[in-house]
file coords_10.txt (compact mmCIF, C-alpha atoms and all ligand atoms)
# COMPACT_ATOMS: atom_id res chain seq x y z
CA MET A 1 0.00 0.00 0.00
CA LYS A 2 1.05 3.65 -0.43
CA ALA A 3 2.02 5.33 2.84
CA LEU A 4 4.13 8.05 4.43
CA MET A 5 6.97 6.64 6.51
CA CYS A 6 8.67 8.43 9.39
CA GLU A 7 12.16 6.93 9.76
CA GLY A 8 13.67 9.53 12.10
CA TRP A 9 12.74 12.66 14.07
CA ASN A 10 13.42 14.99 11.14
CA GLY A 11 10.09 16.79 10.79
CA TYR A 12 7.65 16.45 7.90
CA LYS A 13 10.30 17.20 5.27
CA GLY A 14 11.95 13.92 6.29
CA LEU A 15 8.81 11.81 5.66
CA LYS A 16 9.01 9.35 2.74
CA PHE A 17 6.20 8.43 0.33
CA VAL A 18 6.68 4.65 0.05
CA ASP A 19 5.16 1.28 -0.83
CA ALA A 20 4.70 -0.46 2.52
CA PRO A 21 3.22 -3.84 3.51
CA PRO A 22 -0.32 -3.53 4.93
CA PRO A 23 -0.25 -3.67 8.75
CA ALA A 24 -1.21 -6.87 10.62
CA LEU A 25 -4.67 -7.02 12.24
CA PRO A 26 -4.36 -7.76 16.00
CA ALA A 27 -7.23 -8.99 18.20
CA GLY A 28 -9.68 -6.27 19.24
CA CYS A 29 -8.94 -4.18 16.13
CA VAL A 30 -10.35 -3.30 12.72
CA ARG A 31 -8.69 -2.59 9.38
CA ILE A 32 -9.81 0.64 7.70
CA ALA A 33 -9.42 1.72 4.07
CA VAL A 34 -8.50 5.31 4.86
CA ALA A 35 -10.38 7.95 2.88
CA TYR A 36 -9.18 11.11 4.67
CA ALA A 37 -6.62 11.77 7.39
CA THR A 38 -6.08 15.07 9.19
CA VAL A 39 -2.86 17.06 9.52
CA SER A 40 -2.54 19.07 12.72
CA PHE A 41 -0.06 21.07 14.74
CA GLY A 42 0.26 17.96 16.91
CA GLN A 43 1.39 15.86 13.91
CA LEU A 44 4.09 18.46 13.14
CA LEU A 45 5.36 17.82 16.68
CA VAL A 46 5.04 14.02 16.42
CA VAL A 47 7.20 13.69 13.29
CA ALA A 48 9.79 16.04 14.79
CA GLY A 49 9.99 13.90 17.96
CA LYS A 50 8.65 16.82 20.02
CA TYR A 51 5.32 15.31 21.06
CA GLN A 52 4.82 13.83 24.53
CA ARG A 53 4.33 10.37 22.95
CA LYS A 54 6.88 8.88 20.50
CA PRO A 55 5.82 5.88 18.38
CA PRO A 56 8.55 3.29 17.68
CA LEU A 57 10.58 4.11 14.54
CA PRO A 58 9.96 3.54 11.68
CA PHE A 59 6.22 4.24 11.71
CA ILE A 60 3.43 5.68 9.60
CA PRO A 61 2.11 8.85 11.29
CA GLY A 62 -1.50 10.10 11.28
CA THR A 63 -3.94 9.73 14.18
CA GLU A 64 -7.35 10.90 12.90
CA VAL A 65 -9.07 9.29 9.89
CA SER A 66 -12.32 8.44 8.18
CA GLY A 67 -12.89 5.57 5.76
CA LEU A 68 -14.48 2.17 5.22
CA ILE A 69 -14.04 -0.99 7.30
CA LEU A 70 -12.13 -3.64 5.32
CA GLU A 71 -12.16 -6.33 8.01
CA ALA A 72 -12.66 -6.80 11.73
CA ALA A 73 -10.75 -9.17 14.04
CA PRO A 74 -12.83 -12.24 15.01
CA ASP A 75 -13.45 -10.86 18.52
CA VAL A 76 -14.90 -7.56 17.19
CA SER A 77 -18.66 -7.66 16.54
CA ASP A 78 -19.59 -3.97 16.20
CA PHE A 79 -18.09 -3.45 12.73
CA LYS A 80 -18.35 -5.25 9.38
CA PRO A 81 -16.74 -4.70 5.97
CA GLY A 82 -18.14 -1.66 4.19
CA ASP A 83 -19.15 0.26 7.34
CA ARG A 84 -18.44 3.99 7.11
CA VAL A 85 -16.34 4.98 10.13
CA ALA A 86 -14.14 7.62 11.72
CA ALA A 87 -11.37 6.69 14.11
CA SER A 88 -8.64 7.83 16.41
CA LEU A 89 -5.44 5.84 15.87
CA ASP A 90 -2.27 5.33 17.87
CA TRP A 91 -0.52 6.05 14.54
CA GLY A 92 -0.78 4.80 10.92
CA GLY A 93 -3.36 7.16 9.38
CA TYR A 94 -1.19 8.29 6.45
CA GLY A 95 -1.44 4.90 4.73
CA GLU A 96 -4.04 3.31 2.48
CA GLN A 97 -4.88 0.82 5.25
CA ALA A 98 -4.84 1.63 8.95
CA ILE A 99 -5.48 -0.36 12.14
CA ALA A 100 -7.63 0.97 14.98
CA THR A 101 -8.73 -0.51 18.28
CA ALA A 102 -12.52 -1.06 18.30
CA GLU A 103 -12.88 1.31 21.30
CA THR A 104 -11.70 4.26 19.17
CA VAL A 105 -13.75 3.64 16.00
CA TRP A 106 -17.18 5.22 15.50
CA HIS A 107 -19.91 4.73 12.88
CA VAL A 108 -20.50 7.69 10.55
CA PRO A 109 -24.15 8.43 9.64
CA ASP A 110 -24.90 7.96 5.91
CA ASP A 111 -25.56 11.65 5.31
CA VAL A 112 -22.31 12.89 6.87
CA GLN A 113 -19.53 13.07 4.28
CA LEU A 114 -16.33 11.16 5.05
CA ARG A 115 -14.39 14.36 4.41
CA ASP A 116 -16.24 16.06 7.28
CA ALA A 117 -16.25 12.95 9.46
CA ALA A 118 -12.43 12.83 9.49
CA THR A 119 -12.33 15.88 11.76
CA ILE A 120 -14.80 14.60 14.35
CA PRO A 121 -12.75 12.15 16.49
CA LEU A 122 -9.83 14.33 17.63
CA THR A 123 -10.58 17.84 16.41
CA TYR A 124 -14.17 18.14 17.62
CA GLY A 125 -13.56 15.53 20.32
CA THR A 126 -10.86 17.70 21.91
CA SER A 127 -13.09 20.77 21.96
CA TYR A 128 -16.16 18.99 23.29
CA ALA A 129 -14.37 17.04 26.01
CA ALA A 130 -12.35 20.07 27.11
CA LEU A 131 -15.40 22.36 27.32
CA HIS A 132 -17.78 19.89 28.93
CA TRP A 133 -15.80 17.18 30.74
CA ARG A 134 -13.11 19.44 32.17
CA GLY A 135 -14.21 23.04 31.67
CA GLY A 136 -17.77 22.76 33.04
CA LEU A 137 -19.09 25.28 30.52
CA THR A 138 -22.71 26.28 31.16
CA SER A 139 -25.21 28.52 29.43
CA GLY A 140 -24.76 32.24 30.02
CA GLN A 141 -21.02 32.02 30.75
CA THR A 142 -18.43 33.91 28.71
CA LEU A 143 -15.96 31.73 26.80
CA LEU A 144 -12.69 33.20 25.49
CA VAL A 145 -11.06 31.15 22.69
CA HIS A 146 -7.44 31.69 21.60
CA GLY A 147 -6.21 30.40 18.21
CA ALA A 148 -9.87 30.70 17.24
CA ALA A 149 -9.50 30.06 13.49
CA GLY A 150 -7.24 27.03 13.98
CA GLY A 151 -8.00 23.32 13.99
CA VAL A 152 -9.42 23.07 17.51
CA GLY A 153 -10.36 26.76 17.62
CA LEU A 154 -13.27 26.71 15.13
CA PRO A 155 -15.00 23.68 16.73
CA THR A 156 -14.64 25.30 20.15
CA LEU A 157 -16.46 28.42 18.93
CA GLU A 158 -19.30 26.31 17.53
CA LEU A 159 -19.62 24.04 20.56
CA GLY A 160 -19.34 26.98 22.95
CA LYS A 161 -22.17 28.75 21.17
CA LEU A 162 -24.30 25.59 21.15
CA ALA A 163 -23.75 25.35 24.92
CA GLY A 164 -25.31 28.81 25.27
CA ALA A 165 -22.09 30.69 26.05
CA ARG A 166 -21.17 34.17 24.88
CA VAL A 167 -18.09 33.50 22.77
CA LEU A 168 -15.10 35.84 22.35
CA ALA A 169 -12.60 34.80 19.64
CA VAL A 170 -8.91 35.76 19.43
CA ALA A 171 -6.94 35.37 16.17
CA SER A 172 -4.16 37.03 14.19
CA THR A 173 -5.98 38.71 11.27
CA ASN A 174 -9.34 40.33 10.56
CA GLU A 175 -9.99 37.69 7.88
CA ARG A 176 -9.59 34.95 10.50
CA LEU A 177 -11.88 36.84 12.86
CA GLU A 178 -14.54 37.01 10.13
CA LEU A 179 -14.34 33.25 9.85
CA ALA A 180 -14.56 32.99 13.63
CA ARG A 181 -17.77 35.03 13.58
CA ALA A 182 -19.19 32.75 10.89
CA HIS A 183 -18.56 29.83 13.28
CA GLY A 184 -20.36 31.38 16.23
CA ALA A 185 -18.09 34.01 17.81
CA ASP A 186 -20.01 36.98 19.21
CA GLU A 187 -16.89 39.18 19.29
CA GLY A 188 -13.51 39.02 17.57
CA LEU A 189 -10.24 40.31 18.99
CA LEU A 190 -6.83 40.53 17.35
CA HIS A 191 -4.14 39.04 19.58
CA THR A 192 -1.99 42.04 18.63
CA GLU A 193 -4.41 44.46 20.33
CA PRO A 194 -2.29 46.74 22.53
CA ASP A 195 -4.14 45.66 25.69
CA LEU A 196 -6.03 42.49 24.92
CA ALA A 197 -6.94 41.80 28.56
CA GLN A 198 -8.42 45.27 28.95
CA ARG A 199 -10.53 44.78 25.78
CA VAL A 200 -11.87 41.49 27.13
CA LYS A 201 -12.78 43.21 30.40
CA GLU A 202 -14.54 46.03 28.51
CA LEU A 203 -16.59 43.45 26.64
CA THR A 204 -17.57 41.65 29.85
CA GLY A 205 -18.61 44.58 32.05
CA GLY A 206 -15.23 44.52 33.81
CA ARG A 207 -15.51 40.88 34.99
CA GLY A 208 -13.49 38.97 32.41
CA ALA A 209 -14.10 35.53 30.89
CA ASP A 210 -15.57 32.66 32.90
CA LEU A 211 -13.77 30.02 30.85
CA VAL A 212 -10.69 30.36 28.61
CA PHE A 213 -9.69 27.79 25.97
CA ASP A 214 -5.97 28.24 25.31
CA PRO A 215 -4.20 26.18 22.62
CA VAL A 216 -1.53 28.89 22.13
CA GLY A 217 0.19 29.61 25.48
CA GLY A 218 3.26 31.87 25.50
CA ALA A 219 2.76 35.58 26.13
CA LEU A 220 -0.99 35.27 25.56
CA PHE A 221 -1.23 33.36 28.83
CA ASP A 222 -0.26 36.47 30.82
CA GLU A 223 -3.10 38.37 29.12
CA THR A 224 -5.39 35.43 29.89
CA LEU A 225 -4.62 35.56 33.61
CA ARG A 226 -5.44 39.28 33.65
CA CYS A 227 -8.83 38.85 31.98
CA THR A 228 -10.12 35.65 33.59
CA ALA A 229 -13.09 36.42 35.84
CA PRO A 230 -12.96 35.72 39.58
CA LEU A 231 -13.83 32.02 40.09
CA GLY A 232 -12.99 31.49 36.39
CA ARG A 233 -11.23 28.53 34.74
CA ILE A 234 -8.44 28.35 32.15
CA LEU A 235 -8.16 25.23 29.99
CA VAL A 236 -4.51 24.56 29.06
CA ILE A 237 -4.87 22.88 25.64
CA GLY A 238 -1.52 23.40 23.92
CA PHE A 239 1.40 25.64 23.12
CA ALA A 240 1.14 26.58 19.43
CA SER A 241 3.26 29.66 20.22
CA GLY A 242 6.14 27.32 21.08
CA THR A 243 6.41 28.66 24.63
CA ILE A 244 5.08 26.85 27.71
CA PRO A 245 3.82 29.49 30.15
CA GLN A 246 4.90 29.59 33.78
CA ILE A 247 2.01 30.27 36.13
CA PRO A 248 2.27 32.70 39.09
CA ALA A 249 0.28 30.91 41.81
CA ASN A 250 -0.42 34.16 43.68
CA ILE A 251 -2.75 35.35 40.91
CA LEU A 252 -4.68 32.06 41.06
CA LEU A 253 -5.04 32.56 44.80
CA VAL A 254 -6.10 36.20 44.69
CA LYS A 255 -8.73 35.67 41.95
CA ASN A 256 -9.89 32.15 42.93
CA ILE A 257 -8.93 30.93 39.44
CA GLU A 258 -8.49 27.31 38.35
CA VAL A 259 -5.97 26.32 35.68
CA ILE A 260 -7.09 23.00 34.20
CA GLY A 261 -4.80 20.72 32.22
CA PHE A 262 -6.46 18.90 29.34
CA ASN A 263 -5.00 16.03 27.34
CA PHE A 264 -7.56 14.29 25.12
CA GLY A 265 -5.00 11.55 24.47
CA LEU A 266 -5.56 10.29 28.02
CA TYR A 267 -9.05 9.10 27.04
CA LEU A 268 -7.78 7.53 23.80
CA GLY A 269 -5.12 5.31 25.33
CA TRP A 270 -2.11 7.47 24.56
CA SER A 271 -0.85 7.81 28.13
CA PRO A 272 1.72 5.45 29.72
CA VAL A 273 -1.24 3.63 31.30
CA ASP A 274 -3.67 2.83 28.45
CA GLU A 275 -7.12 4.01 29.64
CA ARG A 276 -9.12 3.69 26.39
CA LYS A 277 -11.31 0.81 27.64
CA ARG A 278 -12.17 2.74 30.80
CA HIS A 279 -13.39 5.76 28.82
CA ALA A 280 -14.89 3.93 25.80
CA THR A 281 -18.56 4.37 26.77
CA LYS A 282 -18.14 8.06 27.55
CA LEU A 283 -16.28 8.58 24.26
CA ARG A 284 -18.97 6.75 22.27
CA THR A 285 -21.71 8.88 23.81
CA MET A 286 -19.79 12.04 22.91
CA MET A 287 -19.16 10.88 19.32
CA ASP A 288 -22.88 10.06 18.91
CA THR A 289 -23.64 13.63 19.99
CA LEU A 290 -21.06 15.13 17.61
CA PHE A 291 -22.21 13.07 14.60
CA LYS A 292 -25.83 14.03 15.33
CA LEU A 293 -24.81 17.71 15.40
CA ALA A 294 -22.99 17.24 12.07
CA LEU A 295 -26.01 15.47 10.57
CA GLU A 296 -28.27 18.35 11.64
CA GLY A 297 -25.83 20.92 10.23
CA ARG A 298 -25.34 22.48 13.67
CA ILE A 299 -21.58 22.06 13.47
CA LYS A 300 -19.69 22.74 10.24
CA PRO A 301 -16.41 20.81 9.95
CA THR A 302 -14.11 23.15 8.04
CA SER A 303 -10.89 22.47 6.15
CA SER A 304 -9.10 25.19 4.23
CA ASP A 305 -6.81 22.69 2.47
CA CYS A 306 -7.00 19.11 1.21
CA TYR A 307 -4.08 17.44 -0.60
CA PRO A 308 -3.45 13.98 -2.05
CA LEU A 309 -1.17 11.73 0.02
CA ARG A 310 1.82 12.18 -2.29
CA ASP A 311 1.57 15.96 -1.79
CA PHE A 312 1.78 15.63 2.01
CA ALA A 313 4.47 18.34 2.28
CA SER A 314 1.99 21.00 1.12
CA ALA A 315 -0.47 19.86 3.79
CA PHE A 316 2.09 20.12 6.58
CA GLU A 317 3.37 23.43 5.22
CA ALA A 318 -0.16 24.87 5.29
CA VAL A 319 -0.33 24.14 9.04
CA GLU A 320 3.23 25.21 9.82
CA SER A 321 2.88 28.57 8.05
CA ARG A 322 -0.37 29.39 9.93
CA ARG A 323 -2.14 30.12 6.63
CA SER A 324 -4.60 27.24 6.99
CA PHE A 325 -7.83 27.53 8.91
CA GLY A 326 -9.88 24.78 10.43
CA ARG A 327 -8.31 21.35 9.92
CA VAL A 328 -6.03 20.47 6.98
CA LEU A 329 -6.80 17.15 5.27
CA ILE A 330 -4.95 14.51 3.29
CA GLU A 331 -7.02 12.44 0.85
CA VAL A 332 -5.53 8.96 1.09
CA ASN A 333 -7.31 6.35 -1.05
CA GLY A 334 -7.81 7.96 -4.42
CA GLY A 335 -5.52 10.81 -3.40
N1 LIG A 401 -4.62 19.00 24.77
C1 LIG A 401 -5.12 18.28 23.77
O1 LIG A 401 -5.73 17.22 23.96
C2 LIG A 401 -4.95 18.82 22.37
C3 LIG A 401 -5.71 18.32 21.31
C4 LIG A 401 -5.55 18.91 20.03
C5 LIG A 401 -4.62 19.92 19.86
N2 LIG A 401 -3.87 20.33 20.92
C6 LIG A 401 -2.88 21.41 20.81
O2 LIG A 401 -3.55 22.62 20.56
C7 LIG A 401 -2.69 23.46 19.81
C8 LIG A 401 -3.44 23.93 18.57
O3 LIG A 401 -3.72 22.82 17.79
P1 LIG A 401 -4.46 22.98 16.40
O4 LIG A 401 -4.52 21.64 15.82
O5 LIG A 401 -5.68 23.78 16.55
O6 LIG A 401 -3.37 23.82 15.61
P2 LIG A 401 -3.56 24.81 14.38
O7 LIG A 401 -4.68 24.38 13.52
O8 LIG A 401 -2.20 24.98 13.80
O9 LIG A 401 -4.01 26.15 15.10
C9 LIG A 401 -3.16 26.82 16.00
C10 LIG A 401 -3.59 28.24 16.06
O10 LIG A 401 -2.80 28.91 17.02
C11 LIG A 401 -2.62 30.22 16.61
N3 LIG A 401 -1.27 30.71 16.97
C12 LIG A 401 -1.02 31.76 17.72
N4 LIG A 401 0.25 31.97 17.87
C13 LIG A 401 0.86 31.04 17.17
C14 LIG A 401 2.22 30.75 16.92
N5 LIG A 401 3.20 31.51 17.41
N6 LIG A 401 2.51 29.71 16.14
C15 LIG A 401 1.53 28.96 15.61
N7 LIG A 401 0.21 29.20 15.82
C16 LIG A 401 -0.11 30.23 16.59
C17 LIG A 401 -2.83 30.27 15.11
O11 LIG A 401 -3.86 31.19 14.85
P3 LIG A 401 -3.51 32.69 14.43
O12 LIG A 401 -2.52 32.60 13.32
O13 LIG A 401 -4.82 33.26 14.04
O14 LIG A 401 -2.95 33.29 15.67
C18 LIG A 401 -3.36 28.91 14.72
O15 LIG A 401 -4.60 29.00 14.03
C19 LIG A 401 -1.43 22.66 19.51
O16 LIG A 401 -0.44 23.00 20.46
C20 LIG A 401 -1.88 21.23 19.69
O17 LIG A 401 -0.82 20.39 20.04
C21 LIG A 401 -4.02 19.80 22.16

call {"tool": "encode", "arguments": {"input": "coords_10.txt", "output": "structure tokens"}}
result
Amino acid sequence: MKALMCEGWNGYKGLKFVDAPPPALPAGCVRIAVAYATVSFGQLLVVAGKYQRKPPLPFIPGTEVSGLILEAAPDVSDFKPGDRVAASLDWGGYGEQAIATAETVWHVPDDVQLRDAATIPLTYGTSYAALHWRGGLTSGQTLLVHGAAGGVGLPTLELGKLAGARVLAVASTNERLELARAHGADEGLLHTEPDLAQRVKELTGGRGADLVFDPVGGALFDETLRCTAPLGRILVIGFASGTIPQIPANILLVKNIEVIGFNFGLYLGWSPVDERKRHATKLRTMMDTLFKLALEGRIKPTSSDCYPLRDFASAFEAVESRRSFGRVLIEVNGG
């Protein structure tokens, strides 16, 4: 099969487009003919060896796919050949055939396109689980979203709005803020505003945001601390700025603020202790909700770029250069 092989921690420019043997099918797993796989900031880190989890070399990267079931292991009864599915993978998504554990594969409704479905497991899953499982977002609260036009940013705007929150979006250009508004943001703020925290306070009657979704970190985190409301919560999602913020505990104390770590991978079996079986029911319930929202057109999976597998470098470059919005896709079979 055609695949992208990572043979060393050399970044995406070191990936090779190769003919590889199809992977073996272990017990408890299914084989998927991959239609689409996503390319994210996280995958840039994985292939550079900078992600918290390093697959054994050589390996085929790619952790979020949609496609058709080719076969299921004898002990798997929920899936049969031809089923339309989306899945989270340990790795292996950038190949014509991929293996997934049955706990992290979900049926895709007939009227949801596989192109859209590819972004549900990790992209929408991250946003939903962060906002609801960890962030405790409720109707009427103010949600501040950094990196709002990015992969996890757009879904967070949509899901925040659906939860009844007032949503403030932060991004780098007016064009990206327009897109943010089209995905549910009530207000848009440039992260280059001279006093971003002050602007957030002005927009919230001086209180600040009840919940902050921060996939960027770096200097923005200082602004975040200044404009989080008393008793507010900050979700630490990632560090797209490249800088991991240090947190002054005195400000947390004075304002009764919670800083909440969020790692979706924990629920998917990516931590040193594999917890995917423990969280499988909760994950399935969430995916049912997300696919229903997609079916009803209440969420709008968005991808600025889609490239064939052999043109993978353009896909990674679109993410690296920050010119993409939403989630970048690779079309695998047929691509
Ligand atoms: N914790 C979890 O479970 C989890 C799950 C998924 C992703 N993540 C993390 O969340 C972060 C964002 O992921 P993503 O997939 O949404 O990435 P993405 O699509 O590349 O979006 C990142 C956004 O961050 C903004 N940004 C601000 N400063 C930046 C900088 N200096 N360099 C790059 N981007 C910058 C960019 O928007 P502007 O250009 O408009 O500023 C960009 O749209 C990553 O760190 C990723 O690892 C974490």

call {"tool": "residues_around", "arguments": {"input": "coords_10.txt", "residues": "segment 214-221 of chain A", "least_positions_apart": "2", "cutoff": "8 Å", "atoms": "all atoms listed in the file", "output": "list of chain:residue names"}}
result
A:Val145, A:His146, A:Gly147, A:Val152, A:Gly153, A:His191, A:Val212, A:Glu223, A:Thr224, A:Leu225, A:Ile234, A:Leu235, A:Val236, A:Ile237, A:Gly238, A:Phe239, A:Ala240, A:Ser241, A:Gly242, A:Thr243, A:Ile244, A:Pro245

call {"tool": "residues_around", "arguments": {"input": "coords_10.txt", "residues": "Ala24 of chain A", "least_positions_apart": "2", "cutoff": "8 Å", "atoms": "only C-alpha atoms", "output": "PyMOL selection string"}}
result
chain A and resi 22+26+99

call {"tool": "closest_residue", "arguments": {"input": "coords_10.txt", "among": "A:Pro61, A:Gly42, A:Pro301, A:Gly140", "to": "ligand LIG 401 (chain A)", "atoms": "all atoms listed in the file"}}
result
A:Gly42

call {"tool": "residues_around", "arguments": {"input": "coords_10.txt", "residues": "Gly184 of chain A", "least_positions_apart": "5", "cutoff": "7 Å", "atoms": "all atoms listed in the file", "output": "list in words"}}
result
Leu157, Glu158 and Lys161 of chain A

call {"tool": "residues_around", "arguments": {"input": "coords_10.txt", "residues": "Asp83 of chain A", "least_positions_apart": "3", "cutoff": "8 Å", "atoms": "only C-alpha atoms", "output": "PyMOL selection string"}}
result
chain A and resi 68-69+79-80+107

call {"tool": "closest_residue", "arguments": {"input": "coords_10.txt", "among": "A:Pro23, A:Pro109, A:Pro155, A:Gly164", "to": "Leu122 of chain A", "atoms": "all atoms listed in the file"}}
result
A:Pro155

call {"tool": "residues_around", "arguments": {"input": "coords_10.txt", "residues": "segment 166-176 of chain A", "least_positions_apart": "3", "cutoff": "6 Å", "atoms": "all atoms listed in the file", "output": "number ranges by chain"}}
result
A: 142-149, 179, 185-191

call {"tool": "decode", "arguments": {"input": "coords_10.txt", "residues": "segment 260-272 of chain A", "atoms": "N, CA and C atoms", "output": "PDB file, in the first residue's frame"}}
result
ATOM      1  N   ILE A 260      -6.726  24.404  34.388  1.00  0.00           N
ATOM      2  CA  ILE A 260      -7.093  22.997  34.196  1.00  0.00           C
ATOM      3  C   ILE A 260      -6.315  22.403  33.026  1.00  0.00           C
ATOM      4  N   GLY A 261      -5.507  21.411  33.302  1.00  0.00           N
ATOM      5  CA  GLY A 261      -4.802  20.719  32.221  1.00  0.00           C
ATOM      6  C   GLY A 261      -5.779  19.834  31.462  1.00  0.00           C
ATOM      7  N   PHE A 262      -5.593  19.789  30.135  1.00  0.00           N
ATOM      8  CA  PHE A 262      -6.460  18.904  29.340  1.00  0.00           C
ATOM      9  C   PHE A 262      -5.640  18.182  28.285  1.00  0.00           C
ATOM     10  N   ASN A 263      -5.694  16.859  28.325  1.00  0.00           N
ATOM     11  CA  ASN A 263      -4.998  16.031  27.342  1.00  0.00           C
ATOM     12  C   ASN A 263      -5.995  14.998  26.839  1.00  0.00           C
ATOM     13  N   PHE A 264      -6.542  15.215  25.649  1.00  0.00           N
ATOM     14  CA  PHE A 264      -7.557  14.288  25.119  1.00  0.00           C
ATOM     15  C   PHE A 264      -6.973  12.890  24.949  1.00  0.00           C
ATOM     16  N   GLY A 265      -5.665  12.833  24.669  1.00  0.00           N
ATOM     17  CA  GLY A 265      -5.002  11.547  24.475  1.00  0.00           C
ATOM     18  C   GLY A 265      -5.181  10.594  25.650  1.00  0.00           C
ATOM     19  N   LEU A 266      -5.357  11.138  26.845  1.00  0.00           N
ATOM     20  CA  LEU A 266      -5.563  10.287  28.017  1.00  0.00           C
ATOM     21  C   LEU A 266      -6.748   9.353  27.816  1.00  0.00           C
ATOM     22  N   TYR A 267      -7.826   9.881  27.224  1.00  0.00           N
ATOM     23  CA  TYR A 267      -9.049   9.100  27.042  1.00  0.00           C
ATOM     24  C   TYR A 267      -8.919   8.095  25.891  1.00  0.00           C
ATOM     25  N   LEU A 268      -7.924   8.335  25.016  1.00  0.00           N
ATOM     26  CA  LEU A 268      -7.776   7.533  23.797  1.00  0.00           C
ATOM     27  C   LEU A 268      -6.707   6.455  23.925  1.00  0.00           C
ATOM     28  N   GLY A 269      -6.120   6.353  25.109  1.00  0.00           N
ATOM     29  CA  GLY A 269      -5.124   5.305  25.329  1.00  0.00           C
ATOM     30  C   GLY A 269      -3.704   5.713  25.010  1.00  0.00           C
ATOM     31  N   TRP A 270      -3.446   7.004  24.936  1.00  0.00           N
ATOM     32  CA  TRP A 270      -2.106   7.472  24.560  1.00  0.00           C
ATOM     33  C   TRP A 270      -1.186   7.736  25.748  1.00  0.00           C
ATOM     34  N   SER A 271      -1.698   7.551  26.960  1.00  0.00           N
ATOM     35  CA  SER A 271      -0.853   7.810  28.133  1.00  0.00           C
ATOM     36  C   SER A 271      -0.087   6.543  28.490  1.00  0.00           C
ATOM     37  N   PRO A 272       0.937   6.658  29.357  1.00  0.00           N
ATOM     38  CA  PRO A 272       1.715   5.452  29.717  1.00  0.00           C
ATOM     39  C   PRO A 272       0.814   4.322  30.214  1.00  0.00           C
TER      40      PRO A 272
END
